[in-house]
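Dropping entry-v8.csv in here (CSV, C-alpha atoms):
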chain,number,residue,atom,x,y,z
O,1,ALA,CA,-47.6,48.0,66.3
O,2,THR,CA,-47.7,45.7,69.4
O,3,LEU,CA,-50.6,43.4,68.4
O,4,LYS,CA,-49.4,42.8,64.9
O,5,GLU,CA,-51.8,39.9,64.4
O,6,ASN,CA,-54.6,42.4,64.4
O,7,VAL,CA,-53.0,44.8,61.9
O,8,GLU,CA,-53.2,44.6,58.1
O,9,MET,CA,-51.5,46.8,55.5
O,10,LEU,CA,-52.9,47.3,52.0
O,11,PHE,CA,-51.3,49.1,49.2
O,12,TYR,CA,-52.5,50.3,45.8
O,13,VAL,CA,-49.8,50.5,43.0
O,14,ASP,CA,-50.4,51.9,39.5
O,15,ASN,CA,-49.5,49.3,37.0
O,16,ASP,CA,-47.7,51.9,34.8
O,17,ASP,CA,-45.4,52.8,37.6
O,18,PRO,CA,-41.8,52.7,36.4
O,19,ALA,CA,-40.8,50.9,39.6
O,20,ILE,CA,-43.5,48.3,39.4
O,21,ASP,CA,-41.0,45.4,39.4
O,22,ALA,CA,-39.5,46.8,42.6
O,23,TYR,CA,-43.0,47.0,44.1
O,24,LYS,CA,-43.7,43.4,43.2
O,25,SER,CA,-40.4,42.4,44.9
O,26,LEU,CA,-41.3,44.5,47.9
O,27,GLU,CA,-44.6,42.6,48.2
O,28,LEU,CA,-42.8,39.3,48.4
O,29,HIS,CA,-40.3,40.7,50.9
O,30,SER,CA,-43.0,42.3,53.0
O,31,ARG,CA,-45.0,39.1,53.3
O,32,LYS,CA,-41.9,37.4,54.8
O,33,GLU,CA,-40.6,40.4,56.8
O,34,PHE,CA,-44.1,41.1,58.3
O,35,GLU,CA,-45.4,37.6,58.4
O,36,ASP,CA,-46.7,38.2,62.0
O,37,PHE,CA,-49.1,40.8,60.7
O,38,LYS,CA,-52.7,39.8,59.9
O,39,ASN,CA,-52.5,40.6,56.3
O,40,ILE,CA,-50.1,42.3,53.7
O,41,LYS,CA,-51.7,42.9,50.4
O,42,PHE,CA,-50.7,44.8,47.3
O,43,ILE,CA,-53.2,45.7,44.6
O,44,PHE,CA,-51.8,46.4,41.1
O,45,GLY,CA,-54.3,48.2,39.0
O,46,GLU,CA,-55.0,50.9,36.4
O,47,PRO,CA,-53.8,54.4,37.3
O,48,GLN,CA,-56.7,56.2,39.0
O,49,SER,CA,-57.5,58.8,41.6
O,50,VAL,CA,-56.5,58.0,45.1
O,51,SER,CA,-60.1,58.8,46.0
O,52,ILE,CA,-61.0,55.6,44.2
O,53,SER,CA,-57.9,53.6,45.2
O,54,TRP,CA,-58.6,54.1,48.9
O,55,ASN,CA,-62.1,52.6,48.3
O,56,ASP,CA,-60.6,49.6,46.5
O,57,LEU,CA,-58.3,49.0,49.4
O,58,ALA,CA,-61.2,49.4,51.9
O,59,GLU,CA,-63.2,46.9,50.0
O,60,LYS,CA,-60.4,44.3,50.5
O,61,CYS,CA,-59.7,45.0,54.1
O,62,THR,CA,-61.2,42.9,56.9
O,63,GLY,CA,-60.6,45.0,60.0
O,64,ASP,CA,-63.1,46.9,62.2
O,65,VAL,CA,-61.1,50.1,62.0
O,66,LEU,CA,-60.0,51.8,58.7
O,67,ILE,CA,-57.0,54.1,58.7
O,68,MET,CA,-56.2,56.3,55.7
O,69,GLY,CA,-52.5,56.1,54.8
O,70,ASN,CA,-49.8,57.4,52.5
O,71,ASP,CA,-46.3,56.1,51.5
O,72,ASP,CA,-44.9,59.1,53.4
O,73,LEU,CA,-46.5,58.4,56.8
O,74,VAL,CA,-44.3,57.0,59.6
O,75,TYR,CA,-45.9,55.6,62.8
O,76,GLN,CA,-43.6,56.8,65.6
O,77,THR,CA,-45.4,56.1,68.9
O,78,PRO,CA,-44.7,52.6,70.4
O,79,SER,CA,-47.8,50.5,70.8
O,80,TRP,CA,-49.9,52.9,68.8
O,81,ASP,CA,-52.4,50.2,68.0
O,82,GLU,CA,-53.1,49.5,71.6
O,83,LEU,CA,-53.4,53.2,72.4
O,84,LEU,CA,-55.8,53.6,69.5
O,85,ASP,CA,-58.0,50.7,70.8
O,86,VAL,CA,-58.2,52.5,74.2
O,87,GLU,CA,-59.2,55.8,72.6
O,88,LEU,CA,-61.9,54.2,70.5
O,89,LYS,CA,-63.6,52.5,73.4
O,90,GLN,CA,-65.5,55.6,74.2
O,91,PHE,CA,-67.4,55.2,70.9
O,92,GLU,CA,-68.2,51.5,71.3
O,93,LYS,CA,-71.9,52.1,71.6
O,94,ASP,CA,-72.5,53.1,68.0
O,95,GLU,CA,-68.9,53.2,66.6
O,96,ILE,CA,-69.4,56.5,64.7
O,97,TYR,CA,-66.3,58.7,64.8
O,98,VAL,CA,-63.6,60.4,62.9
O,99,ALA,CA,-60.4,59.9,64.9
O,100,TYR,CA,-56.9,61.2,63.9
O,101,MET,CA,-53.4,61.2,65.2
O,102,GLU,CA,-50.8,63.9,65.6
O,103,ASP,CA,-49.2,64.1,62.1
O,104,GLY,CA,-46.5,66.7,62.9
O,105,ILE,CA,-48.0,69.3,60.7
O,106,ASN,CA,-51.7,70.0,61.5
O,107,GLY,CA,-52.2,69.1,65.1
O,108,GLU,CA,-55.8,69.3,66.2
O,109,ARG,CA,-56.6,71.9,63.5
O,110,HIS,CA,-57.1,69.3,60.6
O,111,CYS,CA,-57.5,65.6,60.2
O,112,ALA,CA,-55.2,64.6,57.3
O,113,PHE,CA,-55.5,60.9,57.8
O,114,PRO,CA,-59.0,60.0,59.0
O,115,ILE,CA,-59.8,56.9,61.0
O,116,VAL,CA,-63.3,55.5,60.8
O,117,SER,CA,-65.0,52.3,61.8
O,118,ARG,CA,-66.4,49.4,59.8
O,119,VAL,CA,-69.8,50.6,60.9
O,120,TRP,CA,-69.2,54.0,59.3
O,121,TYR,CA,-67.9,52.3,56.1
O,122,ASN,CA,-70.9,49.9,55.9
O,123,CYS,CA,-73.4,52.7,56.4
O,124,LEU,CA,-72.0,54.9,53.6
O,125,GLY,CA,-70.8,52.1,51.4
O,126,ARG,CA,-67.5,53.7,50.9
O,127,PHE,CA,-64.4,55.0,52.8
O,128,THR,CA,-63.5,58.0,50.6
O,129,PRO,CA,-66.0,60.0,48.5
O,130,GLY,CA,-64.6,58.7,45.2
O,131,ILE,CA,-65.2,62.0,43.5
O,132,PHE,CA,-61.8,63.8,43.8
O,133,ASN,CA,-58.8,63.9,41.5
O,134,PHE,CA,-56.3,63.9,44.2
O,135,GLY,CA,-57.0,66.0,47.3
O,136,TYR,CA,-59.7,66.9,49.8
O,137,ASN,CA,-60.6,63.3,50.6
O,138,ASP,CA,-59.5,63.9,54.2
O,139,THR,CA,-61.2,67.2,54.4
O,140,PHE,CA,-64.5,65.7,53.2
O,141,ILE,CA,-64.5,63.0,55.9
O,142,PHE,CA,-63.3,65.4,58.5
O,143,GLU,CA,-66.2,67.8,57.8
O,144,VAL,CA,-68.8,65.0,58.1
O,145,GLY,CA,-67.3,64.1,61.5
O,146,GLN,CA,-67.5,67.8,62.5
O,147,MET,CA,-71.1,68.0,61.5
O,148,LEU,CA,-71.8,65.0,63.8
O,149,ASN,CA,-69.6,66.4,66.6
O,150,ARG,CA,-67.8,63.1,66.5
O,151,THR,CA,-64.2,64.1,65.7
O,152,HIS,CA,-61.5,62.9,68.1
O,153,PHE,CA,-57.9,64.1,68.1
O,154,MET,CA,-55.2,61.9,69.8
O,155,PRO,CA,-52.1,64.1,70.3
O,156,HIS,CA,-50.2,61.4,72.2
O,157,ILE,CA,-50.3,59.1,69.2
O,158,ARG,CA,-47.9,60.3,66.5
O,159,ALA,CA,-47.9,59.2,62.8
O,160,GLU,CA,-45.6,61.7,61.2
O,161,HIS,CA,-46.4,63.0,57.7
O,162,LEU,CA,-43.1,63.5,55.8
O,163,HIS,CA,-44.7,66.1,53.5
O,164,PHE,CA,-42.6,68.0,51.0
O,165,SER,CA,-43.8,71.3,52.4
O,166,LYS,CA,-41.8,70.4,55.6
O,167,GLY,CA,-38.6,69.6,53.8
O,168,ALA,CA,-39.2,66.1,52.4
O,169,PRO,CA,-38.4,65.7,48.7
O,170,MET,CA,-41.3,66.2,46.3
O,171,ASP,CA,-41.7,62.8,44.5
O,172,ASP,CA,-43.3,62.3,41.1
O,173,THR,CA,-46.7,61.5,42.6
O,174,TYR,CA,-46.9,64.9,44.3
O,175,ALA,CA,-45.4,66.7,41.3
O,176,ARG,CA,-47.7,65.2,38.6
O,177,ASN,CA,-50.8,66.0,40.6
O,178,ARG,CA,-49.7,69.6,41.3
O,179,THR,CA,-47.4,71.0,38.7
O,180,GLN,CA,-47.2,68.7,35.6
O,181,GLU,CA,-49.5,68.0,32.7
O,182,LYS,CA,-52.6,67.4,34.7
O,183,GLY,CA,-52.4,70.9,36.1
O,184,ASN,CA,-53.0,71.6,39.8
O,185,LEU,CA,-55.5,69.0,40.8
O,186,TYR,CA,-55.9,70.5,44.3
O,187,ALA,CA,-57.4,73.6,42.7
O,188,LYS,CA,-59.8,71.5,40.7
O,189,ASP,CA,-60.7,69.4,43.8
O,190,LYS,CA,-61.4,72.6,45.8
O,191,LEU,CA,-64.2,73.4,43.3
O,192,ILE,CA,-65.6,69.9,43.7
O,193,PHE,CA,-65.4,70.1,47.5
O,194,ASP,CA,-67.3,73.4,47.5
O,195,LYS,CA,-70.1,72.0,45.3
O,196,THR,CA,-70.6,68.8,47.3
O,197,ARG,CA,-71.6,70.1,50.7
O,198,ALA,CA,-75.1,68.5,50.2
O,199,VAL,CA,-73.4,65.1,49.8
O,200,ARG,CA,-71.6,65.6,53.1
O,201,GLN,CA,-74.9,66.6,54.7
O,202,LYS,CA,-76.5,63.5,53.4
O,203,ASP,CA,-73.7,61.4,54.8
O,204,ARG,CA,-74.2,63.2,58.2
O,205,ASP,CA,-77.9,62.4,58.2
O,206,ARG,CA,-77.4,58.7,57.4
O,207,LEU,CA,-74.8,58.4,60.2
O,208,ARG,CA,-76.9,60.4,62.6
O,209,GLU,CA,-79.6,57.8,62.2
O,210,LEU,CA,-77.2,55.1,63.5
O,211,ILE,CA,-76.3,57.3,66.4
O,212,GLY,CA,-79.9,57.7,67.2
O,213,ILE,CA,-80.5,54.0,67.1
O,214,GLY,CA,-77.5,53.5,69.4
O,215,LYS,CA,-79.0,55.9,71.9
O,216,ALA,CA,-82.4,54.2,71.8
O,217,THR,CA,-81.0,50.8,72.6
O,218,LYS,CA,-80.0,51.9,76.1
O,219,LEU,CA,-82.9,51.8,78.6
O,220,MET,CA,-81.3,54.0,81.2
O,221,PRO,CA,-78.6,56.4,79.8
O,222,LYS,CA,-75.6,56.8,82.1
O,223,ILE,CA,-75.7,60.5,82.8
O,224,PRO,CA,-73.7,61.5,85.8
O,225,ASP,CA,-75.9,64.4,86.9
O,226,ALA,CA,-79.2,62.5,86.7
O,227,LYS,CA,-81.4,63.4,89.6
O,228,GLN,CA,-83.6,61.2,91.7
O,229,VAL,CA,-86.5,62.2,93.9
O,230,ILE,CA,-88.5,59.9,96.2
O,231,LEU,CA,-92.1,60.8,96.9
O,232,LYS,CA,-93.5,59.3,100.1
O,233,GLY,CA,-96.5,57.1,99.7
O,234,ASN,CA,-99.5,56.7,102.0
O,235,GLY,CA,-101.6,53.8,103.2
O,236,GLU,CA,-103.1,53.2,99.7
O,237,ASN,CA,-100.3,54.2,97.4
O,238,PRO,CA,-96.7,53.0,97.5
O,239,PRO,CA,-93.7,55.4,97.2
O,240,ILE,CA,-92.9,56.8,93.8
O,241,ARG,CA,-89.3,57.0,92.6
O,242,ILE,CA,-88.7,59.8,90.1
O,243,ILE,CA,-85.5,59.8,88.0
O,244,ILE,CA,-84.8,62.8,85.8
O,245,TYR,CA,-82.4,62.5,82.8
O,246,PRO,CA,-81.2,65.7,81.2
O,247,ILE,CA,-81.2,65.5,77.4
O,248,SER,CA,-80.2,68.6,75.5
O,249,SER,CA,-82.4,71.6,76.5
O,250,ASN,CA,-85.2,69.3,77.6
O,251,PHE,CA,-85.4,66.3,79.9
O,252,TRP,CA,-87.4,63.1,80.3
O,253,LEU,CA,-89.3,62.1,83.3
O,254,LYS,CA,-89.6,58.5,84.4
O,255,LEU,CA,-92.0,57.5,87.2
O,256,LEU,CA,-91.5,54.1,88.7
O,257,ILE,CA,-93.7,52.5,91.3
O,258,GLU,CA,-91.6,49.8,92.9
O,259,ASP,CA,-90.3,47.8,89.9
O,260,SER,CA,-92.9,48.7,87.3
O,261,ILE,CA,-93.2,51.8,85.2
O,262,LEU,CA,-96.3,53.9,85.8
O,263,GLY,CA,-98.1,53.6,82.4
O,264,ASP,CA,-99.7,57.0,81.8
O,265,LEU,CA,-97.0,59.1,83.2
O,266,ALA,CA,-93.9,57.3,82.0
O,267,ASN,CA,-91.7,58.9,79.3
O,268,LYS,CA,-93.5,62.2,79.3
O,269,LYS,CA,-91.3,64.9,77.7
O,270,LEU,CA,-91.4,68.1,79.7
O,271,GLU,CA,-90.8,71.2,77.7
O,272,THR,CA,-88.6,73.0,80.1
O,273,SER,CA,-85.0,73.7,80.6
O,274,TRP,CA,-82.7,71.7,82.8

Spit out the file's structure as structure tokens when you get a sec.
Amino acid sequence: ATLKENVEMLFYVDNDDPAIDAYKSLELHSRKEFEDFKNIKFIFGEPQSVSISWNDLAEKCTGDVLIMGNDDLVYQTPSWDELLDVELKQFEKDEIYVAYMEDGINGERHCAFPIVSRVWYNCLGRFTPGIFNFGYNDTFIFEVGQMLNRTHFMPHIRAEHLHFSKGAPMDDTYARNRTQEKGNLYAKDKLIFDKTRAVRQKDRDRLRELIGIGKATKLMPKIPDAKQVILKGNGENPPIRIIIYPISSNFWLKLLIEDSILGDLANKKLETSW
């Protein structure tokens, strides 16, 4: 990161982890090593699903942008934070998006580490759904973004996922959630995911309302192909300026006489194609 004073890192550590003393030492070391960062915080708590842990971390964070992370994720692109800020400016009107970086595995096909805004988090009251045992948190958020047509892949920003399927060692966290006494939690979470599409649709609808509010706050949308027509006046009537804004399959017609909107004809929706 370049602007480290804007970046905070939060970690959740199970309090039954055999290496908990090492993690506590790491916390002290990190606060000194990364003292120029905005915040370094470790939360030591009861073993629980990461679907809940990510929400606990989100509740403690203070930033405007929330990025899902793992302990096997390595940010490789210099100045990734500045590049991310540039990419997210296109959503500054309503701040509703699911952005994601190149992780070295999925490319554009899948968002494994969703990035959402504080506005998104406040609207839904959570970062992750909180219903899964281990997996499908990313897929859940990604699908909501797809429903809104608000996903944004950033191939030039790389945060590599050192996943065991690509040669990295399988640590105990992966093993116990896939092959040990808990059984394959991914298989269980797939069933939960398939049964909760209605929850994702509800999330979509709540976020869509914010997008609608964002659009309504702009008096004159900046649409490049808006068309303008001037109708000549006569001795009694001044010229009329007509501006046509295409919106979806219909368009709106605004009639303006000099600086004032013509009352009866303003904002008439014409049921016709652009």

Could you tell me, as a JSON list (two decimals) with C-alpha atoms, keeping the file's coordinate frame, which residues have any atom at most 12 Å from (-43.0, 60.5, 60.9), counting all atoms listed in the file?
[["chain", "number", "residue", "atom", "x", "y", "z"],
["O", 70, "ASN", "CA", -49.80, 57.40, 52.50],
["O", 71, "ASP", "CA", -46.30, 56.10, 51.50],
["O", 72, "ASP", "CA", -44.90, 59.10, 53.40],
["O", 73, "LEU", "CA", -46.50, 58.40, 56.80],
["O", 74, "VAL", "CA", -44.30, 57.00, 59.60],
["O", 75, "TYR", "CA", -45.90, 55.60, 62.80],
["O", 76, "GLN", "CA", -43.60, 56.80, 65.60],
["O", 77, "THR", "CA", -45.40, 56.10, 68.90],
["O", 101, "MET", "CA", -53.40, 61.20, 65.20],
["O", 102, "GLU", "CA", -50.80, 63.90, 65.60],
["O", 103, "ASP", "CA", -49.20, 64.10, 62.10],
["O", 104, "GLY", "CA", -46.50, 66.70, 62.90],
["O", 105, "ILE", "CA", -48.00, 69.30, 60.70],
["O", 157, "ILE", "CA", -50.30, 59.10, 69.20],
["O", 158, "ARG", "CA", -47.90, 60.30, 66.50],
["O", 159, "ALA", "CA", -47.90, 59.20, 62.80],
["O", 160, "GLU", "CA", -45.60, 61.70, 61.20],
["O", 161, "HIS", "CA", -46.40, 63.00, 57.70],
["O", 162, "LEU", "CA", -43.10, 63.50, 55.80],
["O", 163, "HIS", "CA", -44.70, 66.10, 53.50],
["O", 166, "LYS", "CA", -41.80, 70.40, 55.60],
["O", 168, "ALA", "CA", -39.20, 66.10, 52.40]]

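Among the candidates O:Trp120, O:Tyr23, O:Phe193, O:Phe142, the one nearest to O:Asp94 when counting all atoms listed in the file is O:Trp120.
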
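Interatomic distance, atom CA of O:Leu191 against atom CA of O:Glu59: 27.4 Å.
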
Point out the residue among O:Phe44, O:Phe34, O:Tyr97, O:Phe153 with the least atom-to-atom distance to O:Leu207, counting all atoms listed in the file.
->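 Of all the options, O:Tyr97 lies closest to O:Leu207.
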
Provide the atom CA of O:Ser25 to atom CA of O:Asn39 distance in Å, to one decimal place.
->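 These two atoms are separated by 16.7 Å.
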
Find the distance between atom CA of O:Gly145 and atom CA of O:Gln90 and write it in Å to one decimal.
->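 Pair atom CA of O:Gly145 / atom CA of O:Gln90 returns 15.4 Å.
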
Best match for closeness to O:Gln146 among O:Asn133, O:Glu95, O:Phe127, O:Asp203, counting all atoms listed in the file |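 For O:Gln146, the nearest of the candidates is O:Asp203.
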
May I ask which of the residues O:Glu33, O:Asp14, O:Phe113, O:Lys38 is the closest one to O:Ile141, counting all atoms listed in the file?
->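 Answer, going by the shortest atom-to-atom distance: O:Phe113.
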
Counting only C-alpha atoms, what is within 10 Å of O:Lys190, bar same-chain residues fewer than 5 positions away, as a list of chain:residue names?
-> O:Phe132, O:Gly135, O:Tyr136, O:Leu185, O:Lys195

Across O:Ile213, O:Val144, O:Leu26, O:Val65, the smallest distance to O:Glu8, with only C-alpha atoms counted, is shown by O:Val65

Which is closest to O:Gly107 among O:Leu57, O:Met154, O:Asp17, O:Glu46, if we use all atoms listed in the file?
->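 Going through O:Leu57, O:Met154, O:Asp17, O:Glu46 one by one, the smallest distance to O:Gly107 is for O:Met154.
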
Could you write stretch 22-40 of chain O as a short mmCIF file (atom, residue, chain, number, x, y, z; two decimals), in the coordinates of the input, with N, CA and C atoms rebuilt where they are missing?
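In the end it all went to rebuild.cif:
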data_model
loop_
_atom_site.label_atom_id
_atom_site.label_comp_id
_atom_site.auth_asym_id
_atom_site.auth_seq_id
_atom_site.Cartn_x
_atom_site.Cartn_y
_atom_site.Cartn_z
N ALA O 22 -39.99 46.64 41.20
CA ALA O 22 -39.50 46.80 42.60
C ALA O 22 -40.62 46.64 43.58
N TYR O 23 -41.81 47.15 43.24
CA TYR O 23 -43.00 47.00 44.10
C TYR O 23 -43.39 45.54 44.27
N LYS O 24 -43.31 44.80 43.17
CA LYS O 24 -43.70 43.40 43.20
C LYS O 24 -42.67 42.61 44.10
N SER O 25 -41.40 43.00 44.01
CA SER O 25 -40.40 42.40 44.90
C SER O 25 -40.63 42.77 46.34
N LEU O 26 -41.05 44.04 46.54
CA LEU O 26 -41.30 44.50 47.90
C LEU O 26 -42.51 43.75 48.49
N GLU O 27 -43.49 43.42 47.67
CA GLU O 27 -44.60 42.60 48.20
C GLU O 27 -44.18 41.29 48.70
N LEU O 28 -43.35 40.61 47.97
CA LEU O 28 -42.80 39.30 48.40
C LEU O 28 -42.00 39.44 49.66
N HIS O 29 -41.16 40.46 49.68
CA HIS O 29 -40.30 40.70 50.90
C HIS O 29 -41.18 41.02 52.08
N SER O 30 -42.20 41.86 51.89
CA SER O 30 -43.00 42.30 53.00
C SER O 30 -43.80 41.12 53.63
N ARG O 31 -44.25 40.20 52.80
CA ARG O 31 -45.00 39.10 53.30
C ARG O 31 -44.12 38.18 54.22
N LYS O 32 -42.81 38.17 53.94
CA LYS O 32 -41.90 37.40 54.80
C LYS O 32 -41.44 38.24 55.99
N GLU O 33 -41.12 39.52 55.72
CA GLU O 33 -40.60 40.40 56.80
C GLU O 33 -41.71 40.66 57.83
N PHE O 34 -42.95 40.76 57.39
CA PHE O 34 -44.10 41.10 58.30
C PHE O 34 -45.05 39.92 58.36
N GLU O 35 -44.56 38.72 58.41
CA GLU O 35 -45.40 37.60 58.40
C GLU O 35 -46.28 37.46 59.68
N ASP O 36 -45.89 38.19 60.74
CA ASP O 36 -46.70 38.20 62.00
C ASP O 36 -47.86 39.15 61.91
N PHE O 37 -47.96 39.94 60.83
CA PHE O 37 -49.10 40.80 60.70
C PHE O 37 -50.30 40.01 60.14
N LYS O 38 -51.49 40.54 60.37
CA LYS O 38 -52.70 39.80 59.90
C LYS O 38 -52.74 39.64 58.44
N ASN O 39 -52.34 40.68 57.71
CA ASN O 39 -52.50 40.60 56.30
C ASN O 39 -51.57 41.68 55.62
N ILE O 40 -50.87 41.31 54.56
CA ILE O 40 -50.10 42.30 53.70
C ILE O 40 -50.60 42.05 52.31
#
